[in-house]
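Contents: one structure, followed by commentary.
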Amino acid sequence: MNNHNDIEIAAGLIQKGKLVAFPTETVYGLGANAMDPLAVARIFELKERPSFDPLIVHIASVNDLKKLAGNVHENVLRLVDKFWPGPLTVVLPKSKLVPDIVTSGLPTVGIRMPKNDIALMLIKKSGCPVAAPSANKFGQLSPVCAEHVKKQLPQTDYILDGGKTEVGIESTIVSVNGNVCSILRPGYITAIDIENALPGTFIFDILPPKTNIAPGLLKSHYSPKKPLFITSETADVLPSSSGLILHSRRNHNCKADKVIYTSVNYNYTEIAANLFSALHDMEEDEKISRIFIEPVEETGLGIAIMDRLKKAAYQYRATK
Ligand code: AMP
Ligand code: MG
């Protein structure tokens, strides 16, 4: 676990333009001072992230929302009042304070307040908003513990270790336009949660194809370095060296070399929390050369889980 000093050291490094990986409740972030374009440039470099993919800015006080964004609609305030600190990112028109490199040149900025004591203390002690994408190489599996960060980004200047993250998948991203709220990326907070928080508001939870409002949302993402297949048939015979990820502990006849259960009985919160660690575990296991995973129903949190899974398995989907 962390002690106070670790966070002091990490905050000092952020102030000096260095990169610090830190836990949030979703996944580990790779943080830099959001006001320092050179430090932010190093995030893109280290992650090998394309420059068109904007970063989310992390804050520790709602006051910073008003500094970083112009024109904060009352529905945004309702949302942040209800879900912050927590896994919700709001996309808003940016103020001049936010460097263009953070938003990939967009006139908007994504902002969130994470629900993790280490993250909040780091941001407070750094004295600046912290731009942070997930602390992994671009396109690869998101990190849910410090070891995952070390594996993919060993050059990170400092890694704060807060153990395994709670939620396990990235934040829900929304943009609010008056009484219309669009979900740009599904996450732990579902369309129904948002609808309940904003009665009378129209919620778009499926973006029209080819939309360019959330430019980093690619079809292939979050992928392990081994072939991954989504299969609802837990076939009796899998090819040799296969790993199987199931979402309920049940009797099955499947002859896999390794089986990982993400949940006792299809509990979606448990599945989300354990999804990336199960994939990392299979990726790291030398005797496994391909991974099979069962799908979940696309309702509620299942929508975000399947979003990550389909992107992770995109290269290996049955129909091209
Ligand atoms: P992550 O890689 O999990 O940190 O999430 C970053 C994603 O947030 C990007 O790939 C975009 O899809 C989305 N995002 C961040 N900033 C903006 C923005 N200003 N407008 C639209 N989407 C954004
Ligand atoms: Mg990411």
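Going by the structure tokens order, chains are called A, B, ..., each with residues numbered from 1, while ligands are numbered from 1 in the order shown.
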- [ ] Return as number ranges by chain the residues of protein, DNA or RNA that approach ligand 1 to within 10 Å, with only C-alpha atoms and all ligand atoms taken into account.
- [x] A: 26-30, 49-50, 52-58, 89-94, 102-111, 131-136, 138-139, 142, 169-175, 184-185, 212-218, 221-222
Task: Residues flagged strand (DSSP E or B) by DSSP in range 59-202 of chain A, as a PyMOL selection string - done: chain A and resi 69+88-94+108-112+130-131+134+140+158-159+172-177+180-185+202
Could the residues in this selection be written to a file with C-alpha atoms, as a PDB file, in the first residue's frame?
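Contents of part.pdb, freshly written:
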ATOM      1  CA  ALA A  69     -14.683  24.378 -19.288  1.00  0.00           C
ATOM      2  CA  LEU A  88     -18.220   9.501 -15.428  1.00  0.00           C
ATOM      3  CA  THR A  89     -16.380  11.759 -17.899  1.00  0.00           C
ATOM      4  CA  VAL A  90     -18.153  14.853 -19.198  1.00  0.00           C
ATOM      5  CA  VAL A  91     -17.146  16.416 -22.510  1.00  0.00           C
ATOM      6  CA  LEU A  92     -17.545  20.205 -22.490  1.00  0.00           C
ATOM      7  CA  PRO A  93     -16.428  23.233 -24.508  1.00  0.00           C
ATOM      8  CA  LYS A  94     -12.878  23.892 -23.319  1.00  0.00           C
ATOM      9  CA  THR A 108     -14.003  20.391 -26.232  1.00  0.00           C
ATOM     10  CA  VAL A 109     -12.359  18.733 -23.234  1.00  0.00           C
ATOM     11  CA  GLY A 110     -13.207  15.512 -21.357  1.00  0.00           C
ATOM     12  CA  ILE A 111     -13.132  15.967 -17.569  1.00  0.00           C
ATOM     13  CA  ARG A 112     -13.628  13.620 -14.656  1.00  0.00           C
ATOM     14  CA  VAL A 130      -3.865  15.794 -14.340  1.00  0.00           C
ATOM     15  CA  ALA A 131      -4.278  14.569 -17.924  1.00  0.00           C
ATOM     16  CA  SER A 134      -4.978   4.457 -19.263  1.00  0.00           C
ATOM     17  CA  GLN A 140      -3.365  -3.041 -25.646  1.00  0.00           C
ATOM     18  CA  TYR A 158       6.860   6.694 -10.932  1.00  0.00           C
ATOM     19  CA  ILE A 159       4.089   4.189 -10.272  1.00  0.00           C
ATOM     20  CA  THR A 172     -18.662   6.302 -19.155  1.00  0.00           C
ATOM     21  CA  ILE A 173     -18.170   9.358 -21.406  1.00  0.00           C
ATOM     22  CA  VAL A 174     -21.071  11.739 -22.030  1.00  0.00           C
ATOM     23  CA  SER A 175     -21.628  15.004 -23.789  1.00  0.00           C
ATOM     24  CA  VAL A 176     -24.583  17.153 -22.804  1.00  0.00           C
ATOM     25  CA  ASN A 177     -26.289  19.504 -25.178  1.00  0.00           C
ATOM     26  CA  VAL A 180     -29.946  15.920 -24.929  1.00  0.00           C
ATOM     27  CA  CYS A 181     -27.276  13.717 -23.388  1.00  0.00           C
ATOM     28  CA  SER A 182     -25.172  11.487 -25.661  1.00  0.00           C
ATOM     29  CA  ILE A 183     -23.234   8.537 -24.334  1.00  0.00           C
ATOM     30  CA  LEU A 184     -19.990   8.615 -26.313  1.00  0.00           C
ATOM     31  CA  ARG A 185     -18.504   5.562 -24.606  1.00  0.00           C
ATOM     32  CA  PHE A 202     -33.291  12.641 -24.093  1.00  0.00           C
TER      33      PHE A 202
END
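Using only C-alpha atoms, the shortest contact distance between Thr262 in chain A and any of A:Asp205, A:Asp281, A:Glu147, A:Asp193 is found at A:Asp281.
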Task: Which of A:Ala273, A:Leu97, A:Ala278, A:Ile293 sits closest to Ser232 in chain A [using only C-alpha atoms] - done: A:Ile293
Neighbours of Gly12 in chain A within 12 Å (only C-alpha atoms; same-chain residues fewer than 6 positions away dropped), as a tab-separated table (two decimals) with N, CA, C and O atoms, in the first residue's frame?
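part21.tsv written:
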chain	number	residue	atom	x	y	z
A	5	ASN	N	4.12	9.71	1.90
A	5	ASN	CA	5.32	10.16	1.21
A	5	ASN	C	5.34	9.81	-0.26
A	5	ASN	O	5.83	10.57	-1.08
A	6	ASP	N	4.85	8.62	-0.56
A	6	ASP	CA	4.84	8.21	-1.97
A	6	ASP	C	4.07	9.24	-2.80
A	6	ASP	O	4.49	9.60	-3.89
A	18	LYS	N	7.05	15.30	-15.06
A	18	LYS	CA	7.27	13.85	-15.24
A	18	LYS	C	5.94	13.11	-15.32
A	18	LYS	O	4.88	13.68	-15.05
A	19	LEU	N	6.03	11.82	-15.64
A	19	LEU	CA	4.82	11.00	-15.78
A	19	LEU	C	4.67	10.06	-14.60
A	19	LEU	O	5.60	9.33	-14.24
A	20	VAL	N	3.48	10.07	-14.01
A	20	VAL	CA	3.20	9.22	-12.84
A	20	VAL	C	1.98	8.35	-13.14
A	20	VAL	O	0.93	8.86	-13.53
A	32	ALA	N	0.03	13.28	-16.24
A	32	ALA	CA	0.97	14.40	-16.38
A	32	ALA	C	0.20	15.68	-16.07
A	32	ALA	O	-1.04	15.70	-16.14
A	33	ASN	N	0.95	16.74	-15.76
A	33	ASN	CA	0.34	18.05	-15.56
A	33	ASN	C	-0.38	18.46	-16.85
A	33	ASN	O	0.25	18.67	-17.89
A	122	LEU	N	-3.23	12.75	-5.06
A	122	LEU	CA	-2.18	13.09	-6.04
A	122	LEU	C	-2.54	14.39	-6.78
A	122	LEU	O	-1.70	15.28	-6.92
A	123	ILE	N	-3.78	14.47	-7.23
A	123	ILE	CA	-4.19	15.67	-7.99
A	123	ILE	C	-4.11	16.90	-7.08
A	123	ILE	O	-3.58	17.94	-7.47
A	124	LYS	N	-4.61	16.75	-5.86
A	124	LYS	CA	-4.60	17.90	-4.94
A	124	LYS	C	-3.18	18.37	-4.66
A	124	LYS	O	-2.86	19.54	-4.73
A	125	LYS	N	-2.31	17.40	-4.34
A	125	LYS	CA	-0.93	17.77	-3.99
A	125	LYS	C	-0.15	18.29	-5.20
A	125	LYS	O	0.76	19.10	-5.05
A	126	SER	N	-0.51	17.81	-6.37
A	126	SER	CA	0.18	18.31	-7.58
A	126	SER	C	-0.20	19.76	-7.83
A	126	SER	O	0.54	20.51	-8.46
A	127	GLY	N	-1.40	20.14	-7.40
A	127	GLY	CA	-1.84	21.53	-7.55
A	127	GLY	C	-2.21	21.87	-8.99
A	127	GLY	O	-2.21	23.04	-9.37
A	128	CYS	N	-2.50	20.86	-9.81
A	128	CYS	CA	-2.88	21.10	-11.21
A	128	CYS	C	-3.80	19.97	-11.66
A	128	CYS	O	-3.77	18.89	-11.08
A	157	ASP	N	7.92	7.29	-15.00
A	157	ASP	CA	8.82	7.85	-13.99
A	157	ASP	C	8.50	7.35	-12.58
A	157	ASP	O	9.38	7.19	-11.76
A	158	TYR	N	7.23	7.11	-12.29
A	158	TYR	CA	6.86	6.69	-10.93
A	158	TYR	C	5.51	5.99	-11.00
A	158	TYR	O	4.62	6.45	-11.71
TODO: Find the residue from A:Arg290, A:Lys137, A:Lys255, A:Lys16 that sits nearest to ligand 2; use only C-alpha atoms and all ligand atoms when measuring.
DONE: A:Lys137
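Using only C-alpha atoms and all ligand atoms, the shortest contact distance between ligand 2 and any of A:Glu8, A:Asp81, A:Glu48, A:Glu298 is found at A:Glu48.
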- [ ] Give me every helix (DSSP H, G or I) residue in range 142-251 of chain A, going by DSSP on the backbone, as a PyMOL selection string.
- [x] chain A and resi 146-152+191-197
Task: Pick from A:Phe276, A:Phe229, A:Trp84, A:Tyr316, whichever lies nearest to ligand 2 using only C-alpha atoms and all ligand atoms - done: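 Closest to ligand 2, using only C-alpha atoms and all ligand atoms: A:Phe276.
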TODO: Identify which of the residues A:Met282, A:Val80, A:Ile260, A:Leu309 lies closest to Ile189 in chain A, counting only C-alpha atoms when measuring atom-to-atom distances.
DONE: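 Counting only C-alpha atoms, the residue closest to Ile189 in chain A is A:Val80.
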Open item on the list: Quick one: residues within 7 Å of Gly86 in chain A, only C-alpha atoms, excluding same-chain residues fewer than 6 positions away - as a VMD selection string?
Closed with: chain A and resid 113 to 115
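Going from CA of Ser248 in chain A over to CA of Arg317 in chain A, you cover 23.2 Å.
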- [ ] Using CA of Ile43 in chain A and CA of Ile14 in chain A as the two end points, give the distance in Å to one decimal.
- [x]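 Answer for the CA of Ile43 in chain A to CA of Ile14 in chain A separation: 12.1 Å.
Pairwise distance (CA of Ala60 in chain A, CA of Leu38 in chain A) equals 22.2 Å.
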